[in-house]
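Okay, structure25.txt is below, compact mmCIF, C-alpha atoms and all ligand atoms:
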```txt
# COMPACT_ATOMS: atom_id res chain seq x y z
CA MET Q 154 21.16 -2.08 -44.94
CA GLY Q 155 18.59 -4.45 -43.51
CA ARG Q 156 15.04 -3.52 -42.71
CA TYR Q 157 13.05 -4.04 -39.54
CA TRP Q 158 9.63 -5.66 -39.62
CA LEU Q 159 6.79 -6.16 -37.25
CA HIS Q 160 4.78 -9.32 -37.77
CA VAL Q 161 1.35 -9.28 -36.14
CA THR Q 162 -0.58 -12.43 -35.44
CA ASP Q 163 -4.07 -12.78 -34.06
CA SER Q 164 -3.63 -16.20 -32.62
CA LYS Q 165 -3.26 -16.72 -28.90
CA GLY Q 166 -1.88 -20.17 -29.61
CA PHE Q 167 0.80 -18.89 -32.00
CA ASP Q 168 4.19 -20.35 -31.28
CA PRO Q 169 6.69 -17.47 -31.11
CA GLU Q 170 9.42 -19.95 -31.93
CA ALA Q 171 7.79 -21.03 -35.19
CA GLU Q 172 10.32 -20.69 -37.99
CA SER Q 173 7.77 -20.30 -40.76
CA LEU Q 174 5.31 -17.43 -40.87
CA SER Q 175 2.51 -17.59 -43.39
CA PHE Q 176 0.64 -14.61 -44.81
CA LYS Q 177 -2.53 -14.01 -46.77
CA ASP Q 178 -2.10 -13.06 -50.40
CA ARG Q 179 -2.89 -9.41 -49.85
CA TRP Q 180 0.49 -8.98 -48.10
CA ARG Q 181 2.33 -10.00 -51.29
CA ASP Q 182 3.54 -6.48 -52.11
CA THR Q 183 4.86 -5.98 -48.61
CA LEU Q 184 6.56 -9.38 -48.53
CA ALA Q 185 8.27 -8.55 -51.80
CA LYS Q 186 10.23 -5.91 -49.89
CA VAL Q 187 11.43 -8.32 -47.19
CA LYS Q 188 14.99 -9.52 -47.74
CA VAL Q 189 17.12 -12.25 -46.27
CA ASP Q 190 18.84 -10.96 -43.10
CA ASP Q 191 16.12 -8.43 -42.31
CA GLU Q 192 14.96 -8.75 -38.71
CA VAL Q 193 11.41 -9.53 -37.55
CA ILE Q 194 9.61 -9.12 -34.26
CA THR Q 195 6.32 -10.96 -33.69
CA TYR Q 196 3.47 -9.34 -31.80
CA ILE Q 197 0.62 -11.51 -30.49
CA LYS Q 198 -2.54 -9.45 -30.64
CA ARG Q 199 -4.71 -11.45 -28.28
CA LYS Q 200 -2.05 -11.34 -25.61
CA GLY Q 201 -0.88 -7.79 -26.20
CA GLU Q 202 2.70 -9.05 -26.19
CA PHE Q 203 5.83 -8.82 -28.28
CA ALA Q 204 6.87 -12.44 -28.20
CA GLY Q 205 9.17 -13.41 -31.06
CA LEU Q 206 12.44 -12.21 -32.56
CA GLY Q 207 14.32 -13.52 -35.52
CA ARG Q 208 16.27 -12.96 -38.71
CA VAL Q 209 14.74 -13.68 -42.11
CA SER Q 210 16.33 -16.64 -43.88
CA GLY Q 211 13.94 -16.89 -46.82
CA VAL Q 212 10.79 -15.57 -48.50
CA SER Q 213 8.63 -18.01 -50.43
CA GLY Q 214 5.51 -17.93 -52.57
CA LEU Q 215 6.20 -14.61 -54.25
CA GLU Q 216 6.21 -16.10 -57.73
CA GLY Q 217 3.05 -17.49 -59.25
CA ASP Q 218 -0.54 -16.54 -58.62
CA ALA Q 219 -2.39 -16.56 -55.35
CA SER Q 220 -3.94 -19.96 -55.87
CA SER Q 221 -0.73 -21.82 -56.63
CA SER Q 222 1.54 -20.60 -53.88
CA SER Q 223 1.30 -19.68 -50.25
CA LEU Q 224 3.20 -16.71 -48.97
CA ALA Q 225 5.62 -17.39 -46.16
CA LEU Q 226 8.70 -16.11 -44.41
CA THR Q 227 11.25 -18.42 -42.91
CA VAL Q 228 12.88 -16.98 -39.85
CA HIS Q 229 15.86 -17.98 -37.80
CA ARG Q 230 14.51 -17.57 -34.28
CA VAL Q 231 16.23 -16.34 -31.16
CA LYS Q 232 14.91 -17.31 -27.76
CA VAL Q 233 13.29 -14.34 -26.02
CA LYS Q 234 11.13 -13.45 -23.08
CA PRO Q 235 7.73 -12.02 -24.10
CA ILE Q 236 7.05 -8.45 -23.01
CA GLU Q 237 3.89 -6.42 -22.74
CA ALA Q 238 3.48 -3.95 -25.58
CA ARG Q 239 1.53 -1.63 -23.29
CA LEU Q 240 4.64 -0.93 -21.21
CA HIS Q 241 6.73 -0.04 -24.22
CA ALA Q 242 4.15 1.97 -26.13
CA PRO Q 243 5.27 5.30 -24.62
CA ASP Q 244 8.80 4.76 -26.02
CA LEU Q 245 7.84 3.68 -29.54
CA SER Q 246 7.61 6.33 -32.23
CA PHE Q 247 5.41 4.29 -34.59
CA ILE Q 248 2.78 4.22 -31.83
CA THR Q 249 1.52 7.74 -32.25
CA ASN Q 250 -1.73 7.28 -30.35
CA LYS Q 251 -0.35 6.51 -26.88
CA ASP Q 252 -3.75 6.10 -25.25
CA ARG Q 253 -4.98 3.65 -27.81
CA TRP Q 254 -1.62 2.07 -28.58
CA TYR Q 255 -3.25 -1.23 -29.58
CA VAL Q 256 -4.84 0.28 -32.71
CA HIS Q 257 -1.38 0.36 -34.30
CA PHE Q 258 -1.20 -3.43 -34.57
CA ASN Q 259 -3.65 -3.60 -37.41
CA LYS Q 260 -1.61 -5.10 -40.27
CA SER Q 261 -0.03 -8.53 -40.59
CA ILE Q 262 3.40 -7.21 -41.46
CA TYR Q 263 4.89 -3.76 -41.74
CA GLU Q 264 8.17 -1.96 -41.44
CA ILE Q 265 8.99 -0.11 -38.26
CA PRO Q 266 11.81 2.35 -37.57
CA LYS Q 267 15.14 0.84 -36.55
CA LYS Q 268 15.14 2.72 -33.27
CA ASP Q 269 11.73 1.29 -32.30
CA PHE Q 270 12.86 -2.17 -33.32
CA GLU Q 271 15.95 -1.87 -31.11
CA THR Q 272 13.83 -0.70 -28.19
CA ILE Q 273 11.55 -3.74 -28.41
CA LYS Q 274 14.51 -6.02 -28.99
CA GLU Q 275 16.19 -4.77 -25.84
CA GLY Q 276 13.07 -5.61 -23.87
CA LEU Q 277 12.76 -9.05 -25.41
CA THR Q 278 16.37 -9.99 -24.82
CA THR Q 279 17.10 -8.32 -21.51
CA GLU Q 280 16.47 -11.50 -19.56
CA ASN Q 281 18.55 -13.44 -22.01
CA PRO Q 282 21.96 -11.87 -22.67
CA ALA Q 283 23.06 -14.80 -24.85
CA ALA Q 284 20.19 -14.14 -27.22
CA ALA Q 285 21.02 -10.46 -27.26
CA ALA Q 286 24.54 -11.23 -28.40
CA ASP Q 287 23.23 -13.52 -31.11
CA VAL Q 288 21.28 -10.73 -32.79
CA SER Q 289 24.06 -8.26 -32.05
CA SER Q 290 22.17 -6.03 -29.68
CA LYS Q 291 23.40 -4.37 -26.53
CA PRO Q 292 21.17 -4.35 -23.47
CA GLY Q 293 20.60 -0.70 -22.71
CA ARG Q 294 18.46 1.76 -20.89
CA HIS Q 295 15.48 -0.58 -20.45
CA LEU Q 296 17.49 -3.05 -18.47
CA ASP Q 297 17.22 -1.30 -15.14
CA LYS Q 298 13.61 -0.32 -15.64
CA LEU Q 299 12.56 -3.85 -16.47
CA LYS Q 300 14.53 -5.36 -13.63
CA VAL Q 301 12.80 -3.08 -11.18
CA GLU Q 302 9.44 -4.05 -12.63
CA ILE Q 303 10.14 -7.74 -12.49
CA ASN Q 304 11.51 -7.80 -8.99
CA SER Q 305 9.43 -5.30 -7.09
CA ARG Q 306 6.44 -6.45 -5.13
CA ILE Q 307 3.88 -4.58 -3.15
CA ALA Q 308 2.35 -6.27 -0.09
CA THR Q 309 -1.36 -6.85 -0.62
CA GLY Q 310 -2.39 -6.63 3.02
CA ILE Q 311 -4.35 -9.87 2.70
CA THR Q 312 -3.07 -12.57 5.05
CA GLY Q 313 -1.92 -15.58 3.05
CA LEU Q 314 -2.13 -13.94 -0.36
CA ASP Q 315 1.41 -12.59 -0.60
CA SER Q 316 2.91 -16.04 -0.14
CA ILE Q 317 0.90 -17.31 -3.13
CA LEU Q 318 2.02 -14.30 -5.18
CA GLY Q 319 5.71 -14.44 -4.35
CA GLY Q 320 5.59 -11.33 -2.17
CA GLY Q 321 2.57 -9.41 -3.44
CA PHE Q 322 1.32 -7.66 -6.55
CA PRO Q 323 3.89 -6.49 -9.12
CA VAL Q 324 4.53 -2.87 -8.27
CA ASN Q 325 2.96 -0.19 -10.53
CA SER Q 326 0.36 -2.49 -11.99
CA THR Q 327 -3.43 -2.70 -12.20
CA ILE Q 328 -5.13 -5.75 -10.73
CA LEU Q 329 -8.68 -6.75 -11.53
CA VAL Q 330 -10.56 -8.28 -8.61
CA THR Q 331 -13.64 -9.99 -9.89
CA GLY Q 332 -16.52 -12.02 -8.50
CA GLY Q 333 -20.24 -11.85 -7.89
CA PRO Q 334 -22.13 -9.73 -5.34
CA GLY Q 335 -20.93 -10.29 -1.79
CA ALA Q 336 -17.81 -12.15 -2.93
CA GLY Q 337 -15.55 -9.90 -0.83
CA LYS Q 338 -14.14 -7.53 -3.45
CA THR Q 339 -14.69 -4.31 -1.53
CA ILE Q 340 -13.25 -5.73 1.69
CA LEU Q 341 -10.17 -6.98 -0.18
CA ALA Q 342 -9.72 -3.56 -1.76
CA ILE Q 343 -9.93 -1.75 1.60
CA GLN Q 344 -7.36 -4.11 3.11
CA PHE Q 345 -5.05 -3.35 0.21
CA LEU Q 346 -5.32 0.38 0.91
CA LEU Q 347 -4.82 -0.07 4.65
CA GLN Q 348 -1.63 -2.03 4.02
CA GLY Q 349 -0.49 0.96 1.98
CA VAL Q 350 -1.18 3.30 4.88
CA LYS Q 351 0.97 1.03 7.07
CA ASN Q 352 3.78 1.29 4.52
CA GLY Q 353 3.46 5.05 4.18
CA GLU Q 354 1.81 4.76 0.74
CA HIS Q 355 -1.21 6.99 0.55
CA GLY Q 356 -4.44 5.51 -0.79
CA VAL Q 357 -7.39 6.68 -2.89
CA PHE Q 358 -10.69 4.78 -2.85
CA ILE Q 359 -13.02 5.79 -5.68
CA SER Q 360 -16.44 4.61 -4.60
CA MET Q 361 -18.86 4.27 -7.46
CA ASP Q 362 -21.54 2.17 -5.75
CA GLU Q 363 -21.29 2.52 -2.02
CA ARG Q 364 -21.86 5.72 -0.15
CA PRO Q 365 -18.71 6.70 1.74
CA ASP Q 366 -20.55 6.58 5.07
CA ASP Q 367 -21.64 2.99 4.42
CA LEU Q 368 -18.11 2.11 3.49
CA ARG Q 369 -16.75 3.63 6.70
CA LYS Q 370 -19.36 1.75 8.75
CA GLU Q 371 -18.62 -1.55 7.04
CA ALA Q 372 -14.89 -1.06 7.63
CA LEU Q 373 -15.47 -0.27 11.29
CA LYS Q 374 -17.01 -3.73 11.73
CA PHE Q 375 -13.53 -5.07 11.09
CA GLY Q 376 -12.02 -2.50 13.43
CA TRP Q 377 -10.72 -0.33 10.59
CA ASP Q 378 -11.18 3.32 11.36
CA LEU Q 379 -10.99 4.89 7.91
CA THR Q 380 -11.90 8.35 9.22
CA LYS Q 381 -8.70 8.42 11.25
CA TYR Q 382 -6.60 7.94 8.13
CA GLU Q 383 -8.74 10.35 6.15
CA ASP Q 384 -8.14 13.00 8.79
CA SER Q 385 -4.41 12.41 8.71
CA GLY Q 386 -4.42 12.71 4.90
CA GLU Q 387 -3.21 9.16 4.35
CA LEU Q 388 -6.44 7.97 2.78
CA VAL Q 389 -9.05 9.59 0.59
CA ILE Q 390 -12.52 8.34 -0.26
CA VAL Q 391 -13.81 9.86 -3.47
CA ASP Q 392 -17.58 9.93 -3.57
CA VAL Q 393 -19.11 9.14 -6.92
CA SER Q 394 -22.10 7.34 -5.47
CA TYR Q 395 -24.12 10.40 -4.41
CA PRO Q 396 -23.35 12.49 -7.51
CA ARG Q 397 -24.28 9.48 -9.68
CA SER Q 398 -27.71 9.30 -8.16
CA GLY Q 399 -28.19 13.03 -8.63
CA LEU Q 400 -27.86 13.86 -4.94
CA PRO Q 401 -25.50 16.43 -3.50
CA SER Q 402 -22.50 14.98 -1.71
CA LYS Q 403 -21.12 16.39 1.52
CA GLU Q 404 -17.82 14.65 0.96
CA LYS Q 405 -14.58 16.60 0.65
CA TYR Q 406 -13.58 14.53 -2.36
CA GLN Q 407 -16.07 13.80 -5.10
CA ILE Q 408 -16.30 13.51 -8.86
CA ASN Q 409 -19.02 15.81 -10.00
CA MET Q 410 -21.40 15.26 -12.83
CA PRO Q 411 -21.28 15.35 -15.78
CA PHE Q 412 -19.33 12.13 -15.51
CA THR Q 413 -17.19 12.82 -18.56
CA LEU Q 414 -13.83 11.30 -19.27
CA ASP Q 415 -12.02 14.63 -19.00
CA ASN Q 416 -13.68 15.41 -15.72
CA ILE Q 417 -12.82 12.00 -14.24
CA VAL Q 418 -9.22 11.96 -15.41
CA ARG Q 419 -8.64 15.53 -14.24
CA THR Q 420 -10.19 14.96 -10.81
CA VAL Q 421 -8.42 11.65 -10.19
CA TYR Q 422 -5.13 13.18 -11.30
CA GLU Q 423 -5.58 16.16 -8.99
CA ILE Q 424 -6.38 13.97 -5.99
CA ILE Q 425 -3.47 11.58 -6.61
CA SER Q 426 -1.09 14.51 -6.96
CA GLN Q 427 -2.52 16.33 -3.95
CA ILE Q 428 -2.04 13.45 -1.50
CA ASP Q 429 0.83 11.76 -3.33
CA GLY Q 430 -1.31 8.63 -3.80
CA LYS Q 431 0.46 5.35 -4.40
CA ARG Q 432 -2.44 2.90 -4.15
CA VAL Q 433 -5.77 3.40 -5.89
CA VAL Q 434 -9.03 1.43 -5.85
CA ILE Q 435 -11.85 1.85 -8.34
CA ASP Q 436 -14.92 0.08 -6.97
CA SER Q 437 -16.50 -0.88 -9.38
CA LEU Q 438 -15.82 -0.97 -13.09
CA PRO Q 439 -19.34 -1.93 -14.25
CA ALA Q 440 -20.71 1.09 -12.39
CA PHE Q 441 -18.04 3.21 -14.04
CA GLY Q 442 -18.88 1.82 -17.46
CA ILE Q 443 -22.57 2.60 -17.57
CA HIS Q 444 -21.91 6.32 -17.79
CA PHE Q 445 -20.59 6.11 -21.29
CA GLU Q 446 -22.55 5.99 -24.50
CA ASP Q 447 -21.12 2.85 -25.99
CA GLU Q 448 -18.49 0.22 -25.44
CA ALA Q 449 -15.90 1.95 -27.58
CA GLU Q 450 -16.15 4.96 -25.31
CA VAL Q 451 -15.88 2.77 -22.19
CA ARG Q 452 -12.73 1.22 -23.59
CA ILE Q 453 -11.14 4.59 -24.21
CA ALA Q 454 -12.12 5.73 -20.73
CA ILE Q 455 -10.65 2.66 -19.03
CA HIS Q 456 -7.46 3.00 -21.02
CA ARG Q 457 -6.99 6.65 -20.21
CA LEU Q 458 -7.68 6.13 -16.57
CA ASN Q 459 -5.34 3.16 -16.44
CA ASN Q 460 -2.58 5.11 -18.21
CA LEU Q 461 -3.01 7.86 -15.68
CA LEU Q 462 -2.72 5.41 -12.77
CA LEU Q 463 0.38 3.78 -14.22
CA SER Q 464 2.11 6.99 -15.15
CA SER Q 465 1.45 8.31 -11.64
CA GLY Q 466 3.36 5.30 -10.31
CA CYS Q 467 0.29 3.81 -8.61
CA THR Q 468 -0.57 0.19 -7.97
CA SER Q 469 -4.31 -0.20 -8.34
CA ILE Q 470 -7.21 -2.53 -7.83
CA ILE Q 471 -10.25 -2.31 -10.06
CA THR Q 472 -13.23 -4.41 -9.03
CA SER Q 473 -15.54 -6.02 -11.50
CA GLU Q 474 -18.48 -8.38 -11.34
CA ILE Q 475 -17.71 -10.84 -14.01
CA ILE Q 476 -17.46 -14.54 -13.56
CA PRO Q 477 -15.68 -16.72 -16.13
CA GLY Q 478 -17.97 -19.09 -17.93
CA HIS Q 479 -20.83 -16.66 -17.60
CA ASP Q 480 -19.97 -13.41 -19.36
CA GLY Q 481 -16.30 -14.16 -19.79
CA ILE Q 482 -13.85 -12.15 -17.72
CA SER Q 483 -13.84 -9.16 -19.88
CA ARG Q 484 -17.06 -7.23 -20.00
CA PHE Q 485 -15.79 -4.27 -21.94
CA GLY Q 486 -13.13 -6.16 -23.85
CA VAL Q 487 -10.14 -4.43 -22.30
CA GLU Q 488 -9.93 -5.55 -18.72
CA GLU Q 489 -7.59 -8.43 -19.46
CA PHE Q 490 -5.29 -6.11 -21.35
CA ILE Q 491 -5.08 -3.37 -18.78
CA ALA Q 492 -4.90 -5.75 -15.84
CA ARG Q 493 -1.50 -7.25 -15.01
CA GLY Q 494 -3.36 -9.56 -12.67
CA ILE Q 495 -6.82 -11.02 -12.27
CA ILE Q 496 -8.12 -12.41 -8.99
CA LEU Q 497 -11.43 -14.23 -8.82
CA ALA Q 498 -13.42 -14.57 -5.59
CA GLU Q 499 -16.18 -17.17 -5.44
CA VAL Q 500 -18.70 -18.63 -3.02
CA TYR Q 501 -19.70 -22.28 -3.34
CA ARG Q 502 -21.78 -24.82 -1.51
CA ASP Q 503 -20.11 -27.68 0.32
CA GLY Q 504 -22.84 -29.89 1.74
CA LYS Q 505 -24.84 -27.60 3.94
CA GLU Q 506 -22.13 -24.97 4.21
CA TYR Q 507 -21.25 -21.98 2.07
CA LYS Q 508 -17.56 -21.57 1.54
CA ARG Q 509 -15.29 -19.11 -0.22
CA ALA Q 510 -12.52 -19.67 -2.76
CA LEU Q 511 -9.98 -17.39 -4.37
CA THR Q 512 -8.16 -18.05 -7.64
CA ILE Q 513 -5.31 -16.16 -9.28
CA LEU Q 514 -6.37 -16.25 -12.93
CA LYS Q 515 -3.47 -14.13 -14.12
CA MET Q 516 -0.47 -12.41 -12.56
CA ARG Q 517 2.32 -11.16 -14.73
CA GLU Q 518 5.91 -11.76 -13.67
CA THR Q 519 4.71 -14.22 -11.05
CA ASN Q 520 4.92 -17.97 -10.68
CA TYR Q 521 1.52 -18.88 -9.40
CA GLU Q 522 -0.51 -22.02 -9.52
CA LEU Q 523 -3.95 -22.11 -11.02
CA LYS Q 524 -5.68 -23.41 -7.92
CA ARG Q 525 -8.68 -22.45 -5.89
CA TYR Q 526 -7.55 -21.45 -2.42
CA ALA Q 527 -9.92 -21.38 0.51
CA PHE Q 528 -10.44 -17.97 2.07
CA LYS Q 529 -12.40 -16.64 5.00
CA ILE Q 530 -13.88 -13.31 5.90
CA GLY Q 531 -13.34 -13.07 9.63
CA LYS Q 532 -12.96 -10.41 12.29
CA GLU Q 533 -9.80 -9.11 10.69
CA GLY Q 534 -11.03 -9.17 7.13
CA ILE Q 535 -10.01 -11.55 4.40
CA GLU Q 536 -7.61 -14.35 5.13
CA VAL Q 537 -6.45 -16.69 2.37
CA LEU Q 538 -5.42 -20.21 3.35
CA PRO Q 539 -2.52 -20.97 1.00
CA HIS Q 540 -2.33 -24.60 2.07
CA GLN Q 541 -5.99 -25.30 1.65
CA VAL Q 542 -6.74 -25.94 -2.00
CA VAL Q 543 -10.40 -26.61 -2.74
CA PHE Q 544 -12.28 -28.33 -5.54
CA PHE Q 545 -15.86 -27.89 -6.54
CA ASP Q 546 -18.17 -28.41 -9.46
CA GLU Q 547 -19.51 -25.49 -11.40
CA ALA Q 548 -22.95 -26.53 -10.17
CA ALA Q 549 -21.86 -25.89 -6.58
CA ARG Q 550 -20.96 -22.27 -7.27
CA ILE Q 551 -23.32 -19.80 -5.64
CA ILE Q 552 -21.52 -16.56 -6.47
N1 LIG Q 601 -17.86 -8.57 9.80
C1 LIG Q 601 -17.96 -9.55 8.90
N2 LIG Q 601 -17.56 -10.79 9.19
C2 LIG Q 601 -17.64 -11.78 8.27
N3 LIG Q 601 -18.12 -11.60 7.04
C3 LIG Q 601 -18.55 -10.39 6.71
C4 LIG Q 601 -18.50 -9.30 7.61
N4 LIG Q 601 -18.96 -8.21 6.98
C5 LIG Q 601 -19.31 -8.61 5.75
N5 LIG Q 601 -19.06 -9.91 5.59
C6 LIG Q 601 -19.27 -10.69 4.37
O1 LIG Q 601 -18.55 -10.06 3.35
C7 LIG Q 601 -19.27 -10.08 2.14
C8 LIG Q 601 -19.36 -8.71 1.54
O2 LIG Q 601 -18.11 -8.37 1.14
P1 LIG Q 601 -17.89 -7.20 0.11
O3 LIG Q 601 -18.75 -6.05 0.41
O4 LIG Q 601 -16.43 -6.98 0.04
O5 LIG Q 601 -18.41 -7.91 -1.20
P2 LIG Q 601 -18.37 -7.35 -2.68
O6 LIG Q 601 -17.77 -8.44 -3.51
O7 LIG Q 601 -17.75 -6.03 -2.70
O8 LIG Q 601 -19.92 -7.25 -3.01
P3 LIG Q 601 -20.69 -6.24 -4.01
O9 LIG Q 601 -20.49 -6.79 -5.37
O10 LIG Q 601 -22.09 -6.36 -3.56
O11 LIG Q 601 -20.12 -4.90 -3.81
C9 LIG Q 601 -20.65 -10.58 2.45
O12 LIG Q 601 -20.76 -11.88 1.88
C10 LIG Q 601 -20.71 -10.65 3.93
O13 LIG Q 601 -21.35 -11.85 4.34
MG MG Q 602 -18.50 -4.14 -3.18
```

Is it possible to give me this structure as structure tokens?
Amino acid sequence: MGRYWLHVTDSKGFDPEAESLSFKDRWRDTLAKVKVDDEVITYIKRKGEFAGLGRVSGVSGLEGDASSSSLALTVHRVKVKPIEARLHAPDLSFITNKDRWYVHFNKSIYEIPKKDFETIKEGLTTENPAAAADVSSKPGRHLDKLKVEINSRIATGITGLDSILGGGFPVNSTILVTGGPGAGKTILAIQFLLQGVKNGEHGVFISMDERPDDLRKEALKFGWDLTKYEDSGELVIVDVSYPRSGLPSKEKYQINMPFTLDNIVRTVYEIISQIDGKRVVIDSLPAFGIHFEDEAEVRIAIHRLNNLLLSSGCTSIITSEIIPGHDGISRFGVEEFIARGIILAEVYRDGKEYKRALTILKMRETNYELKRYAFKIGKEGIEVLPHQVVFFDEAARII
């Protein structure tokens, strides 16, 4: 009976259709166990994706010493559609640490249970029934789940944005909205929650920086009466701003100090369950991050919170203040992985005027163009102009 292998590569540029996989000499003992006709799935670490599937047609370099031969597997590839490992982690038995699922991809090649292999294979080949037949697999229980995920969209509430995104954000996903101070992140996030209220999807705004009263006042300037929706139970503002500064909060919903992971996860879970929340905003991630001792702890916290949001069926926005080219997008090293989408808001100088631009840097399951679209903040909030693509030099960027 054949065996089932997981090949892990670090390279973002790895071609999942490559028919030859090379390995460092220390994997010699493992490669000695790989036989022709075994099956291999390739996982790309830097993307967090399962991206390749194939059947072994040869193993080379096993004879001779390390200096004279290079270890390689030749694989007969099948065309597949890459899938996010994160989404499948809950169903895979070799991933025992579900919160920190990514720690399990720490070897270049290893055997995984047949059942896990079949689960991943189903995901990889669902979009491609011909490929499924080729490796003799039957599409199964993941088919419906994946179809729902691929097709379902949630309206963003931002005029002009849904048309760029093919209908909105992918449902049950986490979107990172990033940009400098005053870029429009908080306004965008409020609009997203208000759209939810319109659709009957209750919203939770976790305010790390701004005091809820300031938030309500700012929203009122756009004619958005948050208090009305809070009173009707359709919207909740969770105050973290007062407790963070050591002051007592008069708000009904708050996360009390100590700001520990357990406390946060428990409180957020209780609030989401209590109001049947479907849309969540965390504003902002940097403010959230500073409460933890070190970056490893921040990463665990973000992962647990994100898992909670996803398993509660929520679609969420997390705001961050990172601009590519400066600190990179990922401040804590996990944002790109947890976020199914990244939206960047910028302000630039055009002659004597300041203008705004919005770019979709990433959006899974979406055909989008990497363009800077003009956007305005007007009386009714943010409006994206999908037909107005703008160009500017890095030097013109203000925020
Ligand atoms: N009523 C309004 N009409 C037009 N523009 C406004 C109005 N109110 C605020 N703005 C603009 O919106 C921007 C602030 O937006 P927002 O608070 O969403 O930014 P942010 O990205 O969340 O900033 P921060 O990082 O400081 O939290 C400011 O640049 C301000 O000029
Ligand atoms: Mg803000």

Do you have, as JSON lines, the list of residues of chain Q lying at most 8 Å from ligand MG 602 (chain Q), each with its nearest atom pair and that distance in Å to one decimal, counting all atoms listed in the file and ordered by chain then number?
```
{"residue": "Q:Pro334", "atom": "CA", "partner": "Q:MG602", "partner_atom": "MG", "distance": 7.0}
{"residue": "Q:Gly335", "atom": "CA", "partner": "Q:MG602", "partner_atom": "MG", "distance": 6.8}
{"residue": "Q:Gly337", "atom": "CA", "partner": "Q:MG602", "partner_atom": "MG", "distance": 6.9}
{"residue": "Q:Lys338", "atom": "CA", "partner": "Q:MG602", "partner_atom": "MG", "distance": 5.5}
{"residue": "Q:Thr339", "atom": "CA", "partner": "Q:MG602", "partner_atom": "MG", "distance": 4.2}
{"residue": "Q:Ile340", "atom": "CA", "partner": "Q:MG602", "partner_atom": "MG", "distance": 7.3}
{"residue": "Q:Asp362", "atom": "CA", "partner": "Q:MG602", "partner_atom": "MG", "distance": 7.5}
{"residue": "Q:Glu363", "atom": "CA", "partner": "Q:MG602", "partner_atom": "MG", "distance": 7.3}
{"residue": "Q:Asp436", "atom": "CA", "partner": "Q:MG602", "partner_atom": "MG", "distance": 6.7}
{"residue": "Q:Ser437", "atom": "CA", "partner": "Q:MG602", "partner_atom": "MG", "distance": 7.3}
{"residue": "Q:Thr472", "atom": "CA", "partner": "Q:MG602", "partner_atom": "MG", "distance": 7.9}
```

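Atom pair CA of Asp269 in chain Q / CA of Pro323 in chain Q has a distance of 25.7 Å (rounded to one decimal).
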
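Minimum distance to Ala238 in chain Q across Q:Ile424, Q:Val256, Q:Leu497, Q:Ile455 (counting all atoms listed in the file) occurs at Q:Val256.
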
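You can rank Q:Tyr395, Q:Trp377, Q:Phe247, Q:Tyr406 by their closest distance to ligand LIG 601 (chain Q) using only C-alpha atoms and all ligand atoms, and at the top of that list sits Q:Trp377.
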
Once you add 3 Å to each side, what are the centre and edge lengths of the axis-aligned box holding all listed atoms of ligand LIG 601 (chain Q)? One decimal in Å, as AutoDock Vina command-line options, if you can.
```
--center_x -19.3 --center_y -8.4 --center_z 2.2 --size_x 11.7 --size_y 13.0 --size_z 21.2
```

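The gap separating CA of Arg397 in chain Q from atom C7 of ligand LIG 601 (chain Q) is 23.4 Å, in Å to one decimal.
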
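By all atoms listed in the file, and with residues fewer than 2 positions from Val212 in chain Q along its chain excluded, the set lying at most 10 Å from it is Ser173, Leu174, Ser175, Leu184, Ala185, Lys186, Val187, Lys188, Val189, Val209, Ser210, Gly214, Leu215, Leu224, Ala225, Leu226, Thr227 and Val228 of chain Q.
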
Go through Q:Lys274, Q:Arg369, Q:Arg432, Q:Lys529 and flag the residue nearest ligand LIG 601 (chain Q), using only C-alpha atoms and all ligand atoms for the distances.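 Checking each of Q:Lys274, Q:Arg369, Q:Arg432, Q:Lys529 against ligand LIG 601 (chain Q), counting only C-alpha atoms and all ligand atoms, the winner is Q:Lys529.
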
Check the smallest atom-to-atom distance from each of Q:Ile425, Q:Leu511, Q:Leu159, Q:Ala171 to ligand LIG 601 (chain Q) using only C-alpha atoms and all ligand atoms, then report the winner.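 Looking only at the distances to ligand LIG 601 (chain Q), the closest residue turns out to be Q:Leu511.
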
Please determine, counting all atoms listed in the file, which residue among Q:Ile317, Q:Met361, Q:Ala308, Q:Val231 has the shortest atom-to-atom distance to Gly349 in chain Q.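 When distances to Gly349 in chain Q are compared using all atoms listed in the file, the smallest one comes from Q:Ala308.
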
Could you state the separation of CA of Pro365 in chain Q and CA of Glu536 in chain Q in Å, given to one decimal place?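 Computing the Euclidean distance for CA of Pro365 in chain Q and CA of Glu536 in chain Q yields 24.0 Å.
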
With all atoms listed in the file as the counted atoms, please give the residues lying no more than 9 Å from Leu245 in chain Q, apart from itself and same-chain residues fewer than 2 positions off, as a PyMOL selection string. chain Q and resi 241-243+247-249+268-270+272-273

Can you work out which one of Q:Ile262, Q:Ala336, Q:Leu347, Q:Leu461 has the shortest atom-to-atom distance to ligand LIG 601 (chain Q), counting all atoms listed in the file? Q:Ala336

Shell of 12 Å around Gly313 in chain Q, only C-alpha atoms, local chain residues under 3 positions omitted, as number ranges by chain: Q: 308-310, 316-321, 511, 526-529, 534-541

Please provide as a ChimeraX atom specification all residues within 12 Å of Phe322 in chain Q, with the sequence filter that same-chain residues fewer than 2 positions apart are discarded (counting all atoms listed in the file). /Q:302-311,314-320,324-329,345,432,467-470,492-496,513,515-521

Starting from the point (-19.5, -25.0, -10.4), work out which residues of protein, DNA or RNA have an atom no more than 10 Å away when counting all atoms listed in the file; state them as a short mmCIF file (atom, residue, chain, number, x, y, z; two decimals) with C-alpha atoms, in the coordinates of the input.
```
data_model
loop_
_atom_site.label_atom_id
_atom_site.label_comp_id
_atom_site.auth_asym_id
_atom_site.auth_seq_id
_atom_site.Cartn_x
_atom_site.Cartn_y
_atom_site.Cartn_z
CA GLY Q 478 -17.97 -19.09 -17.93
CA GLU Q 499 -16.18 -17.17 -5.44
CA VAL Q 500 -18.70 -18.63 -3.02
CA TYR Q 501 -19.70 -22.28 -3.34
CA ARG Q 502 -21.78 -24.82 -1.51
CA PHE Q 544 -12.28 -28.33 -5.54
CA PHE Q 545 -15.86 -27.89 -6.54
CA ASP Q 546 -18.17 -28.41 -9.46
CA GLU Q 547 -19.51 -25.49 -11.40
CA ALA Q 548 -22.95 -26.53 -10.17
CA ALA Q 549 -21.86 -25.89 -6.58
CA ARG Q 550 -20.96 -22.27 -7.27
CA ILE Q 551 -23.32 -19.80 -5.64
CA ILE Q 552 -21.52 -16.56 -6.47
#
```
